[in-house]
$ cat input39.pdb   # PDB, C-alpha atoms, pLDDT in the B column
ATOM      1  CA  MET U  29       0.000   0.000   0.000  1.00 59.00           C
ATOM      2  CA  ARG U  30       1.269   3.452  -0.857  1.00 85.00           C
ATOM      3  CA  GLN U  31       2.483   5.510   2.101  1.00 90.00           C
ATOM      4  CA  ILE U  32       3.080   9.239   1.923  1.00 93.00           C
ATOM      5  CA  PRO U  33       5.346  10.866   4.542  1.00 94.00           C
ATOM      6  CA  VAL U  34       3.831  13.994   6.109  1.00 93.00           C
ATOM      7  CA  ASP U  35       6.115  16.925   6.971  1.00 92.00           C
ATOM      8  CA  THR U  36       5.090  18.336  10.353  1.00 92.00           C
ATOM      9  CA  SER U  37       8.052  20.685  10.807  1.00 91.00           C
ATOM     10  CA  THR U  38       6.060  23.864  10.076  1.00 92.00           C
ATOM     11  CA  ALA U  39       2.746  22.710  11.583  1.00 94.00           C
ATOM     12  CA  THR U  40       1.223  23.387  14.962  1.00 96.00           C
ATOM     13  CA  VAL U  41      -0.217  20.170  16.383  1.00 97.00           C
ATOM     14  CA  MET U  42      -2.352  19.886  19.528  1.00 97.00           C
ATOM     15  CA  VAL U  43      -4.413  17.103  21.064  1.00 96.00           C
ATOM     16  CA  ALA U  44      -8.112  17.523  20.229  1.00 97.00           C
ATOM     17  CA  LYS U  45      -9.245  14.322  21.974  1.00 95.00           C
ATOM     18  CA  ALA U  46      -7.290  12.126  24.384  1.00 92.00           C
ATOM     19  CA  PRO U  47      -6.062   8.725  23.123  1.00 94.00           C
ATOM     20  CA  GLN U  48      -8.687   5.988  22.810  1.00 95.00           C
ATOM     21  CA  PRO U  49      -8.249   2.288  21.983  1.00 95.00           C
ATOM     22  CA  LYS U  50      -8.760   1.645  18.264  1.00 95.00           C
ATOM     23  CA  VAL U  51     -11.647  -0.729  17.663  1.00 92.00           C
ATOM     24  CA  LYS U  52     -11.131  -3.270  14.875  1.00 89.00           C
ATOM     25  CA  ASP U  53     -14.696  -4.619  14.822  1.00 87.00           C
ATOM     26  CA  ARG U  54     -17.530  -2.476  16.233  1.00 85.00           C
ATOM     27  CA  ARG U  55     -19.930  -5.425  16.311  1.00 89.00           C
ATOM     28  CA  THR U  56     -17.722  -7.559  18.574  1.00 91.00           C
ATOM     29  CA  GLY U  57     -15.741  -4.802  20.319  1.00 87.00           C
ATOM     30  CA  GLU U  58     -12.461  -6.404  19.215  1.00 91.00           C
ATOM     31  CA  LEU U  59      -9.535  -3.986  19.626  1.00 91.00           C
ATOM     32  CA  ALA U  60      -6.999  -3.406  16.843  1.00 92.00           C
ATOM     33  CA  GLN U  61      -3.417  -4.584  17.188  1.00 93.00           C
ATOM     34  CA  ASP U  62      -0.278  -3.795  15.203  1.00 90.00           C
ATOM     35  CA  ILE U  63       0.298  -6.649  12.760  1.00 88.00           C
ATOM     36  CA  GLU U  64       4.093  -6.595  13.167  1.00 87.00           C
ATOM     37  CA  THR U  65       4.513  -6.037  16.932  1.00 90.00           C
ATOM     38  CA  GLY U  66       1.183  -7.097  18.435  1.00 91.00           C
ATOM     39  CA  ALA U  67       0.978  -3.778  20.325  1.00 93.00           C
ATOM     40  CA  GLN U  68      -2.484  -2.369  20.972  1.00 95.00           C
ATOM     41  CA  LEU U  69      -3.347   0.456  18.561  1.00 96.00           C
ATOM     42  CA  MET U  70      -4.706   3.744  19.831  1.00 96.00           C
ATOM     43  CA  THR U  71      -6.423   6.643  18.080  1.00 96.00           C
ATOM     44  CA  VAL U  72      -5.494  10.235  18.931  1.00 96.00           C
ATOM     45  CA  ASP U  73      -7.444  13.125  17.401  1.00 97.00           C
ATOM     46  CA  VAL U  74      -5.177  16.113  16.804  1.00 97.00           C
ATOM     47  CA  MET U  75      -5.665  19.647  15.560  1.00 97.00           C
ATOM     48  CA  PHE U  76      -3.225  20.060  12.678  1.00 96.00           C
ATOM     49  CA  ALA U  77      -2.634  23.698  11.690  1.00 95.00           C
ATOM     50  CA  ALA U  78      -0.439  24.468   8.665  1.00 92.00           C
ATOM     51  CA  ASN U  79      -0.517  26.746   5.614  1.00 90.00           C
ATOM     52  CA  ASP U  80      -3.367  28.900   7.004  1.00 92.00           C
ATOM     53  CA  ALA U  81      -5.635  25.839   7.366  1.00 94.00           C
ATOM     54  CA  VAL U  82      -6.712  23.806  10.385  1.00 95.00           C
ATOM     55  CA  GLU U  83      -7.972  20.229  10.317  1.00 95.00           C
ATOM     56  CA  ILE U  84      -8.786  17.577  12.886  1.00 96.00           C
ATOM     57  CA  LEU U  85      -6.892  14.393  12.047  1.00 96.00           C
ATOM     58  CA  SER U  86      -7.473  11.010  13.614  1.00 96.00           C
ATOM     59  CA  VAL U  87      -4.028   9.400  13.959  1.00 97.00           C
ATOM     60  CA  THR U  88      -3.419   5.723  14.713  1.00 97.00           C
ATOM     61  CA  VAL U  89      -0.445   5.085  17.018  1.00 97.00           C
ATOM     62  CA  PRO U  90       0.854   1.957  18.767  1.00 96.00           C
ATOM     63  CA  GLN U  91       0.170   2.281  22.518  1.00 95.00           C
ATOM     64  CA  PRO U  92       3.898   2.262  23.492  1.00 94.00           C
ATOM     65  CA  GLY U  93       4.372   5.357  21.276  1.00 94.00           C
ATOM     66  CA  ILE U  94       1.987   7.542  23.282  1.00 93.00           C
ATOM     67  CA  SER U  95       3.395   9.740  26.026  1.00 88.00           C
ATOM     68  CA  ASP U  96       1.493   9.835  29.326  1.00 80.00           C
ATOM     69  CA  GLU U  97       0.451  13.483  29.405  1.00 82.00           C
ATOM     70  CA  LEU U  98      -1.844  13.822  26.377  1.00 90.00           C
ATOM     71  CA  ALA U  99      -4.823  15.874  27.557  1.00 91.00           C
ATOM     72  CA  MET U 100      -6.939  18.057  25.269  1.00 93.00           C
ATOM     73  CA  GLY U 101      -4.983  21.130  24.144  1.00 94.00           C
ATOM     74  CA  THR U 102      -1.534  19.629  24.760  1.00 94.00           C
ATOM     75  CA  PRO U 103       0.973  20.619  22.040  1.00 96.00           C
ATOM     76  CA  VAL U 104       2.484  17.440  20.578  1.00 96.00           C
ATOM     77  CA  ALA U 105       5.056  16.154  18.106  1.00 95.00           C
ATOM     78  CA  LEU U 106       4.050  13.447  15.623  1.00 96.00           C
ATOM     79  CA  THR U 107       6.984  11.149  14.897  1.00 96.00           C
ATOM     80  CA  GLY U 108       6.980   9.285  11.593  1.00 95.00           C
ATOM     81  CA  LEU U 109       3.578  10.560  10.438  1.00 96.00           C
ATOM     82  CA  ILE U 110       2.398   8.984   7.195  1.00 96.00           C
ATOM     83  CA  ALA U 111      -0.778   9.237   5.146  1.00 96.00           C
ATOM     84  CA  ARG U 112      -2.316   6.248   3.383  1.00 95.00           C
ATOM     85  CA  PRO U 113      -5.110   6.634   0.850  1.00 93.00           C
ATOM     86  CA  TRP U 114      -7.809   3.978   1.183  1.00 90.00           C
ATOM     87  CA  GLU U 115     -10.925   2.890  -0.661  1.00 91.00           C
ATOM     88  CA  ASN U 116     -13.524   0.190  -0.019  1.00 88.00           C
ATOM     89  CA  GLU U 117     -16.978  -0.843  -1.038  1.00 87.00           C
ATOM     90  CA  PHE U 118     -19.690  -1.836   1.449  1.00 83.00           C
ATOM     91  CA  ASN U 119     -23.281  -2.623   0.520  1.00 85.00           C
ATOM     92  CA  GLY U 120     -22.705  -1.275  -2.986  1.00 88.00           C
ATOM     93  CA  GLN U 121     -21.401   2.091  -1.767  1.00 90.00           C
ATOM     94  CA  LYS U 122     -17.837   3.141  -2.440  1.00 92.00           C
ATOM     95  CA  ARG U 123     -16.010   5.005   0.303  1.00 90.00           C
ATOM     96  CA  HIS U 124     -12.557   6.535   0.301  1.00 91.00           C
ATOM     97  CA  GLY U 125     -10.339   8.675   2.479  1.00 92.00           C
ATOM     98  CA  ILE U 126      -6.910   9.109   3.990  1.00 94.00           C
ATOM     99  CA  ALA U 127      -5.720   7.209   7.059  1.00 95.00           C
ATOM    100  CA  PHE U 128      -2.978   8.728   9.213  1.00 97.00           C
ATOM    101  CA  ARG U 129      -0.503   6.718  11.252  1.00 96.00           C
ATOM    102  CA  ALA U 130       2.440   7.771  13.419  1.00 97.00           C
ATOM    103  CA  VAL U 131       5.181   5.925  15.267  1.00 96.00           C
ATOM    104  CA  ALA U 132       4.736   8.181  18.310  1.00 96.00           C
ATOM    105  CA  VAL U 133       2.772  11.123  19.699  1.00 96.00           C
ATOM    106  CA  THR U 134       4.836  12.984  22.268  1.00 95.00           C
ATOM    107  CA  SER U 135       3.862  15.878  24.512  1.00 94.00           C
ATOM    108  CA  LEU U 136       5.922  19.024  23.959  1.00 93.00           C
ATOM    109  CA  THR U 137       5.103  20.309  27.445  1.00 88.00           C
ATOM    110  CA  GLY U 138       6.512  17.368  29.418  1.00 64.00           C
ATOM    111  CA  GLY U 139       9.674  19.210  30.467  1.00 54.00           C
ATOM    112  CA  ALA U 140       7.738  22.333  31.491  1.00 44.00           C
ATOM    113  CA  THR U 141       5.342  20.458  33.796  1.00 40.00           C
ATOM    114  CA  LYS U 142       7.900  18.315  35.639  1.00 39.00           C
ATOM    115  CA  PRO U 143       9.484  21.175  37.677  1.00 37.00           C
ATOM    116  CA  LYS U 144       6.028  22.094  39.076  1.00 35.00           C
ATOM    117  CA  ALA U 145       5.664  18.613  40.576  1.00 39.00           C
ATOM    118  CA  ALA U 146       9.119  18.676  42.163  1.00 39.00           C
TER     119      ALA U 146
END

$ encode --input "input39.pdb" --output "structure tokens"
Amino acid sequence: MRQIPVDTSTATVMVAKAPQPKVKDRRTGELAQDIETGAQLMTVDVMFAANDAVEILSVTVPQPGISDELAMGTPVALTGLIARPWENEFNGQKRHGIAFRAVAVTSLTGGATKPKAA
């Protein structure tokens, strides 16, 4: 499947919705796992602002790649972000879109909040 690397160096990225487990099958409640590592997959909705446009992206990330402090509004870095076009047909209706996946989502405020706790 074609993968397109996404440059985030000039974007502002913030958490729009805290990480949630990615569901593979809504009927059974089965959770999605990474095919290669077996790690549970999570979905993080982020506000992605670049080139005078803002979008909410739903990004799939393996659970070990998510830092602990990802509350709504937290500025984050997306490591290894890729976009994958997809298309399927269900009940005679064609659907298509772009799926986003990252190796890690890391809080950019982690260092600033640690001194307050000390």

$ atom_distance --input "input39.pdb" --atom1 "CA of Lys122 (chain U)" --atom2 "CA of Val34 (chain U)"
25.7 Å

$ atom_distance --input "input39.pdb" --atom1 "CA of Lys50 (chain U)" --atom2 "CA of Ala77 (chain U)"
23.8 Å

$ closest_residue --input "input39.pdb" --among "U:Gly125, U:Pro47, U:Gly57, U:Gly93" --to "Gly108 (chain U)" --atoms "all atoms listed in the file"
U:Gly93

$ closest_residue --input "input39.pdb" --among "U:Val87, U:Leu136, U:Ala127, U:Val51" --to "Asp73 (chain U)" --atoms "all atoms listed in the file"
U:Val87

$ resolve_selection --input "input39.pdb" --expression "the PyMOL selection byres ((chain U and resi 75) around 8)" --output "list in words"
Thr40, Val41, Met42, Val43, Ala44, Asp73, Val74, Phe76, Ala77, Val82, Glu83, Ile84 and Leu85 of chain U

$ closest_residue --input "input39.pdb" --among "U:Ile126, U:Gln91, U:Asp80, U:Val131" --to "Leu109 (chain U)" --atoms "all atoms listed in the file"
U:Val131

$ atom_distance --input "input39.pdb" --atom1 "CA of Gly101 (chain U)" --atom2 "CA of Lys45 (chain U)"
8.3 Å

$ axis_aligned_box --input "input39.pdb" --around "region 104-122 of chain U" --padding-each-side "6 Å" --output "AutoDock Vina command-line options"
--center_x -8.1 --center_y 7.4 --center_z 8.8 --size_x 42.3 --size_y 32.1 --size_z 35.6

$ resolve_selection --input "input39.pdb" --expression "the PyMOL selection byres ((chain U and resi 69) around 6)" --output "list in words"
Lys50, Ala60, Gln61, Gln68, Met70, Val89, Pro90 and Gln91 of chain U

$ write_last_selection --input "input39.pdb" --atoms "C-alpha atoms" --output "short mmCIF file (atom, residue, chain, number, x, y, z; two decimals), in the frame of the given file"
data_model
loop_
_atom_site.label_atom_id
_atom_site.label_comp_id
_atom_site.auth_asym_id
_atom_site.auth_seq_id
_atom_site.Cartn_x
_atom_site.Cartn_y
_atom_site.Cartn_z
CA LYS U 50 -8.76 1.64 18.26
CA ALA U 60 -7.00 -3.41 16.84
CA GLN U 61 -3.42 -4.58 17.19
CA GLN U 68 -2.48 -2.37 20.97
CA MET U 70 -4.71 3.74 19.83
CA VAL U 89 -0.44 5.08 17.02
CA PRO U 90 0.85 1.96 18.77
CA GLN U 91 0.17 2.28 22.52
#

$ closest_residue --input "input39.pdb" --among "U:Thr71, U:Ser86, U:Gln121, U:Thr107" --to "Val133 (chain U)" --atoms "only C-alpha atoms"
U:Thr107

$ closest_residue --input "input39.pdb" --among "U:Glu64, U:Asp35, U:Val72, U:Gly120" --to "Ile94 (chain U)" --atoms "all atoms listed in the file"
U:Val72

$ closest_residue --input "input39.pdb" --among "U:Thr102, U:Ser37, U:Gln48, U:Asn116" --to "Thr88 (chain U)" --atoms "only C-alpha atoms"
U:Gln48

$ residues_around --input "input39.pdb" --residues "His124 (chain U)" --least-positions-apart "5" --cutoff "9 Å" --atoms "all atoms listed in the file" --output "PyMOL selection string"
chain U and resi 113-117
